[in-house]
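Enquirer: If you scroll down you'll find the structure; I have some questions about it.
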Amino acid sequence: MTQHHISRRAVTAAVAAAAVAAPLAMAEPAAAAGPKVVCTSGKSGLAAKLTKDITASLRGRAGYTGIAFNDPATKTTCTYDADRQFDSASIFKPIVLGTLLWDADRNKRSLTSREKALAKKMITESDNDSTTELRNRLTTAKIKAFTKAAGMTRTLPNQTWGTTQITARDEQKLLSLLTTGNKLITDKSRAYALDLMNKVIPSQRWGTPAGAPKGTKVHVKNGWLQRSKDGLWRVHSIGAFSGGGRTYTLSVLTHGNRTWQGGIDTIQAVARAVHRDLNPAVKSSMLIAPPAHPQEVMPPQS
């Protein structure tokens, strides 16, 4: 055997031994991508602007945020972690109202004077006792039937109603039922619900209305809850905004806020971006500052 062949055999053996002793390093798997703002629009340039501005509004914010937005007039939608579930706090209340109206409409009956009184306090003042009484009259089972009929597939009504699980996408489905014609809730009942949401007391009109165009008719419901198990705040706001011949809707849910105000700040930053981009030539309305401390006290939640 020639020296040349011996050298090649030695080299081959050495390479094989090295491969066994030190296997090739595998690339680390890429880190899972976090949620992103996704917008689509029938109006040129609007989706890109909303994506950029909503993303900027979330930069540096604590905890989790779920966002869903829809403007049928421009065929524009935006989502951000829209299927994440959050404790509902008082966002449960518009679900109760929707159930009440759906139940009355399908049974072809009018609301009783007591139901109207409870519904008014529940929505305009965010009264908890009225909510509990209405929920008990309807039953949690009936509320579950309504959310199923409404296609709110990730909404999980709970007997301890403040911890009902909701998502931004499902809240948009509820707002759509209240703002567009459908088979579940009559036009008369929709108008009644929107009127209540338009008459929410001033101290509870913060949140998604922030930055809405001057002259816009605002329909809003907010919710907030601090859980004793982690000391963190859940702060939410859903709204429908009518003006200039169109109505658009926005749902912003937050969790992981160390303070009540922290959640409000996140919601209002998102809202200002949406209203500004959708109405660039219209002057924004003045903001209504929330009270220094929450006026609503949710039933104790562990």
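Ordered as shown in the structure tokens, chains take letters A, B, and onward, while each chain numbers its residues from 1 and ligands are numbered from 1 in the order shown.
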Please identify all polymer residues within 10 Å of stretch 213-216 of chain A, counting only C-alpha atoms, omitting same-chain residues fewer than 4 positions from it, and present them as an MDAnalysis selection string.
Expert: chainID A and resid 209 240:244 247 272 275:276 278:286
Enquirer: Give me a file of those residues, with C-alpha atoms, as a PDB file, in the first residue's frame.
Expert:
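Final output, saved to again_29.pdb:
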```pdb
ATOM      1  CA  PRO A 209     -63.698  57.330  23.394  1.00  0.00           C
ATOM      2  CA  ALA A 240     -69.125  52.136  19.122  1.00  0.00           C
ATOM      3  CA  PHE A 241     -68.705  55.518  17.433  1.00  0.00           C
ATOM      4  CA  SER A 242     -71.255  57.061  15.057  1.00  0.00           C
ATOM      5  CA  GLY A 243     -70.826  60.136  12.896  1.00  0.00           C
ATOM      6  CA  GLY A 244     -70.494  61.246   9.311  1.00  0.00           C
ATOM      7  CA  THR A 247     -70.333  53.605  12.749  1.00  0.00           C
ATOM      8  CA  ARG A 272     -56.207  57.901  20.098  1.00  0.00           C
ATOM      9  CA  HIS A 275     -59.504  57.703  15.950  1.00  0.00           C
ATOM     10  CA  ARG A 276     -56.703  59.902  14.580  1.00  0.00           C
ATOM     11  CA  LEU A 278     -59.495  57.048  10.782  1.00  0.00           C
ATOM     12  CA  ASN A 279     -60.387  60.741  10.956  1.00  0.00           C
ATOM     13  CA  PRO A 280     -57.205  62.646  10.019  1.00  0.00           C
ATOM     14  CA  ALA A 281     -58.994  65.832   8.983  1.00  0.00           C
ATOM     15  CA  VAL A 282     -61.336  66.073  11.978  1.00  0.00           C
ATOM     16  CA  LYS A 283     -60.572  67.720  15.299  1.00  0.00           C
ATOM     17  CA  SER A 284     -60.510  65.291  18.220  1.00  0.00           C
ATOM     18  CA  SER A 285     -62.847  65.730  21.143  1.00  0.00           C
ATOM     19  CA  MET A 286     -61.604  66.619  24.614  1.00  0.00           C
TER      20      MET A 286
END
```
Enquirer: What are the nearest atom pairs, with distances in Å to one decimal, for all residues of stretch 177-279 of chain A that come at most 6 Å from stretch 102-124 of chain A, using only C-alpha atoms, set out by chain and rising residue number as a Markdown table?
Expert:
```
| residue | atom | partner | partner_atom | distance |
| --- | --- | --- | --- | --- |
| A:Leu184 | CA | A:Trp102 | CA | 5.9 |
| A:Ile185 | CA | A:Trp102 | CA | 5.4 |
| A:Lys199 | CA | A:Thr124 | CA | 5.8 |
| A:Val200 | CA | A:Thr124 | CA | 3.9 |
| A:Ile201 | CA | A:Thr124 | CA | 5.8 |
```
Enquirer: Atoms to include: all heavy atoms. Write the selected residues as a JSON list (two decimals), in the first residue's frame.
Expert:
```json
[["chain", "number", "residue", "atom", "x", "y", "z"],
["A", 184, "LEU", "N", -80.76, 38.20, 15.55],
["A", 184, "LEU", "CA", -80.84, 37.90, 16.98],
["A", 184, "LEU", "C", -81.49, 39.02, 17.79],
["A", 184, "LEU", "O", -82.22, 38.75, 18.75],
["A", 184, "LEU", "CB", -79.44, 37.61, 17.54],
["A", 184, "LEU", "CG", -78.72, 36.38, 17.03],
["A", 184, "LEU", "CD1", -77.40, 36.20, 17.77],
["A", 184, "LEU", "CD2", -79.57, 35.14, 17.19],
["A", 185, "ILE", "N", -81.20, 40.25, 17.42],
["A", 185, "ILE", "CA", -81.70, 41.40, 18.18],
["A", 185, "ILE", "C", -82.36, 42.37, 17.21],
["A", 185, "ILE", "O", -81.76, 42.75, 16.19],
["A", 185, "ILE", "CB", -80.54, 42.10, 18.92],
["A", 185, "ILE", "CG1", -79.86, 41.12, 19.88],
["A", 185, "ILE", "CG2", -81.05, 43.31, 19.71],
["A", 185, "ILE", "CD1", -78.66, 41.70, 20.60],
["A", 199, "LYS", "N", -75.46, 56.95, 27.31],
["A", 199, "LYS", "CA", -75.79, 57.72, 28.51],
["A", 199, "LYS", "C", -75.00, 57.28, 29.75],
["A", 199, "LYS", "O", -75.39, 57.56, 30.88],
["A", 199, "LYS", "CB", -77.30, 57.61, 28.79],
["A", 199, "LYS", "CG", -78.14, 58.31, 27.72],
["A", 199, "LYS", "CD", -79.63, 58.13, 27.96],
["A", 199, "LYS", "CE", -80.42, 58.88, 26.90],
["A", 199, "LYS", "NZ", -81.89, 58.65, 27.02],
["A", 200, "VAL", "N", -73.87, 56.61, 29.52],
["A", 200, "VAL", "CA", -73.00, 56.24, 30.63],
["A", 200, "VAL", "C", -72.57, 57.52, 31.36],
["A", 200, "VAL", "O", -72.27, 58.54, 30.72],
["A", 200, "VAL", "CB", -71.77, 55.47, 30.11],
["A", 200, "VAL", "CG1", -70.69, 55.37, 31.17],
["A", 200, "VAL", "CG2", -72.19, 54.08, 29.65],
["A", 201, "ILE", "N", -72.53, 57.48, 32.68],
["A", 201, "ILE", "CA", -72.21, 58.66, 33.47],
["A", 201, "ILE", "C", -70.82, 59.21, 33.12],
["A", 201, "ILE", "O", -69.93, 58.44, 32.72],
["A", 201, "ILE", "CB", -72.31, 58.37, 34.98],
["A", 201, "ILE", "CG1", -71.35, 57.25, 35.40],
["A", 201, "ILE", "CG2", -73.75, 58.03, 35.37],
["A", 201, "ILE", "CD1", -71.34, 56.98, 36.90]]
```
Enquirer: Nearest to A:Lys49: which of A:Ala292, A:Pro94, A:Thr76, A:Asp277 is it, counting only C-alpha atoms?
Expert: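 Closest residue, counting only C-alpha atoms: A:Asp277.
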Enquirer: With distances taken over only C-alpha atoms, which of A:Phe69, A:Phe146, A:Tyr192, A:Phe92 is nearest to A:Ala273?
Expert: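 The closest residue to A:Ala273 is A:Phe69.
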Enquirer: Counting only C-alpha atoms, which residue out of A:Leu250, A:Thr131, A:Ser41, A:Gln226 sits closest to A:Ala73?
Expert: A:Ser41
Enquirer: What's around A:Leu253 at 7 Å? Count only C-alpha atoms, leave out sequence neighbours fewer than 3 positions away in its own chain, and write the answer as a PDB file with N, CA and C atoms, in the first residue's frame.
Expert:
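Generated output (selection23.pdb):
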```pdb
ATOM      1  N   THR A  65     -52.476  42.866  26.263  1.00  0.00           N
ATOM      2  CA  THR A  65     -53.521  43.674  25.651  1.00  0.00           C
ATOM      3  C   THR A  65     -54.148  42.889  24.511  1.00  0.00           C
ATOM      4  N   GLY A  66     -55.477  42.937  24.424  1.00  0.00           N
ATOM      5  CA  GLY A  66     -56.198  42.360  23.299  1.00  0.00           C
ATOM      6  C   GLY A  66     -56.964  43.469  22.594  1.00  0.00           C
ATOM      7  N   ILE A  67     -56.841  43.538  21.280  1.00  0.00           N
ATOM      8  CA  ILE A  67     -57.460  44.626  20.516  1.00  0.00           C
ATOM      9  C   ILE A  67     -58.207  44.058  19.317  1.00  0.00           C
ATOM     10  N   ALA A 168     -61.286  40.091  22.861  1.00  0.00           N
ATOM     11  CA  ALA A 168     -61.563  41.290  22.066  1.00  0.00           C
ATOM     12  C   ALA A 168     -62.350  40.945  20.803  1.00  0.00           C
ATOM     13  N   VAL A 235     -58.344  45.977  33.111  1.00  0.00           N
ATOM     14  CA  VAL A 235     -59.045  47.211  32.749  1.00  0.00           C
ATOM     15  C   VAL A 235     -59.418  47.119  31.273  1.00  0.00           C
ATOM     16  N   HIS A 236     -60.713  47.322  30.970  1.00  0.00           N
ATOM     17  CA  HIS A 236     -61.206  47.122  29.608  1.00  0.00           C
ATOM     18  C   HIS A 236     -62.105  48.270  29.167  1.00  0.00           C
ATOM     19  N   SER A 237     -62.248  48.424  27.851  1.00  0.00           N
ATOM     20  CA  SER A 237     -63.186  49.397  27.304  1.00  0.00           C
ATOM     21  C   SER A 237     -63.627  48.946  25.923  1.00  0.00           C
TER      22      SER A 237
END
```
Enquirer: What parts of stretch 77-108 of chain A does DSSP call helix (DSSP H, G or I)? I'd like the answer as number ranges by chain.
Expert: A: 89-106
Enquirer: Write out as JSON, numbers by chain the residues lying within 7 Å of A:Gly162, counting only C-alpha atoms and excluding same-chain residues fewer than 6 positions away.
Expert: {"A": [87, 88, 89, 90, 92]}
Enquirer: Name the residues of stretch 248-293 of chain A that fall into strand (DSSP E or B) according to DSSP on the backbone, using the chain letters and numbers of this document, as a PyMOL selection string.
Expert: chain A and resi 248-257+284
Enquirer: Can you list, as a list in words, every protein, DNA or RNA residue that comes within 7 Å of A:Ile143 when you count only C-alpha atoms, leaving out same-chain residues fewer than 3 positions away?
Expert: Val96, Thr99, Thr139, Thr140, Phe146 and Thr147 of chain A
Enquirer: Can you work out which one of A:Lys148, A:Leu97, A:Arg59, A:Gln85 has the shortest atom-to-atom distance to A:Thr164, counting only C-alpha atoms?
Expert: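 Residue with the minimum atom-to-atom distance to A:Thr164: A:Gln85.
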Enquirer: Calculated over only C-alpha atoms, which of the candidates A:Ala150, A:Ile264, A:Ile166, A:Val274 has the smallest distance to A:Ile91?
Expert: A:Ile166
Enquirer: Using only C-alpha atoms for the distances, tell me which of A:Lys173, A:Glu125, A:Asn70, A:Thr254 is nearest to A:Asn198.
Expert: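 The shortest atom-to-atom distance to A:Asn198 comes from A:Glu125.
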Enquirer: Quick one: residues within 10 Å of A:Ala289, only C-alpha atoms counted, chain neighbours fewer than 4 positions away excluded, as a list in words?
Expert: Pro202, Ser203, Gln204, Arg205, Trp206, Gly207, Ala210 and Ile264 of chain A
Enquirer: To one decimal in Å, tell me the separation between atom CA of A:Pro157 and atom CA of A:Leu101.
Expert: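 For atom CA of A:Pro157 relative to atom CA of A:Leu101, the distance reads 17.1 Å.
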Enquirer: For a test of reading the model, state the distance in Å between atom CA of A:Gly239 and atom CA of A:Leu177, rounded to one decimal.
Expert: 12.8 Å
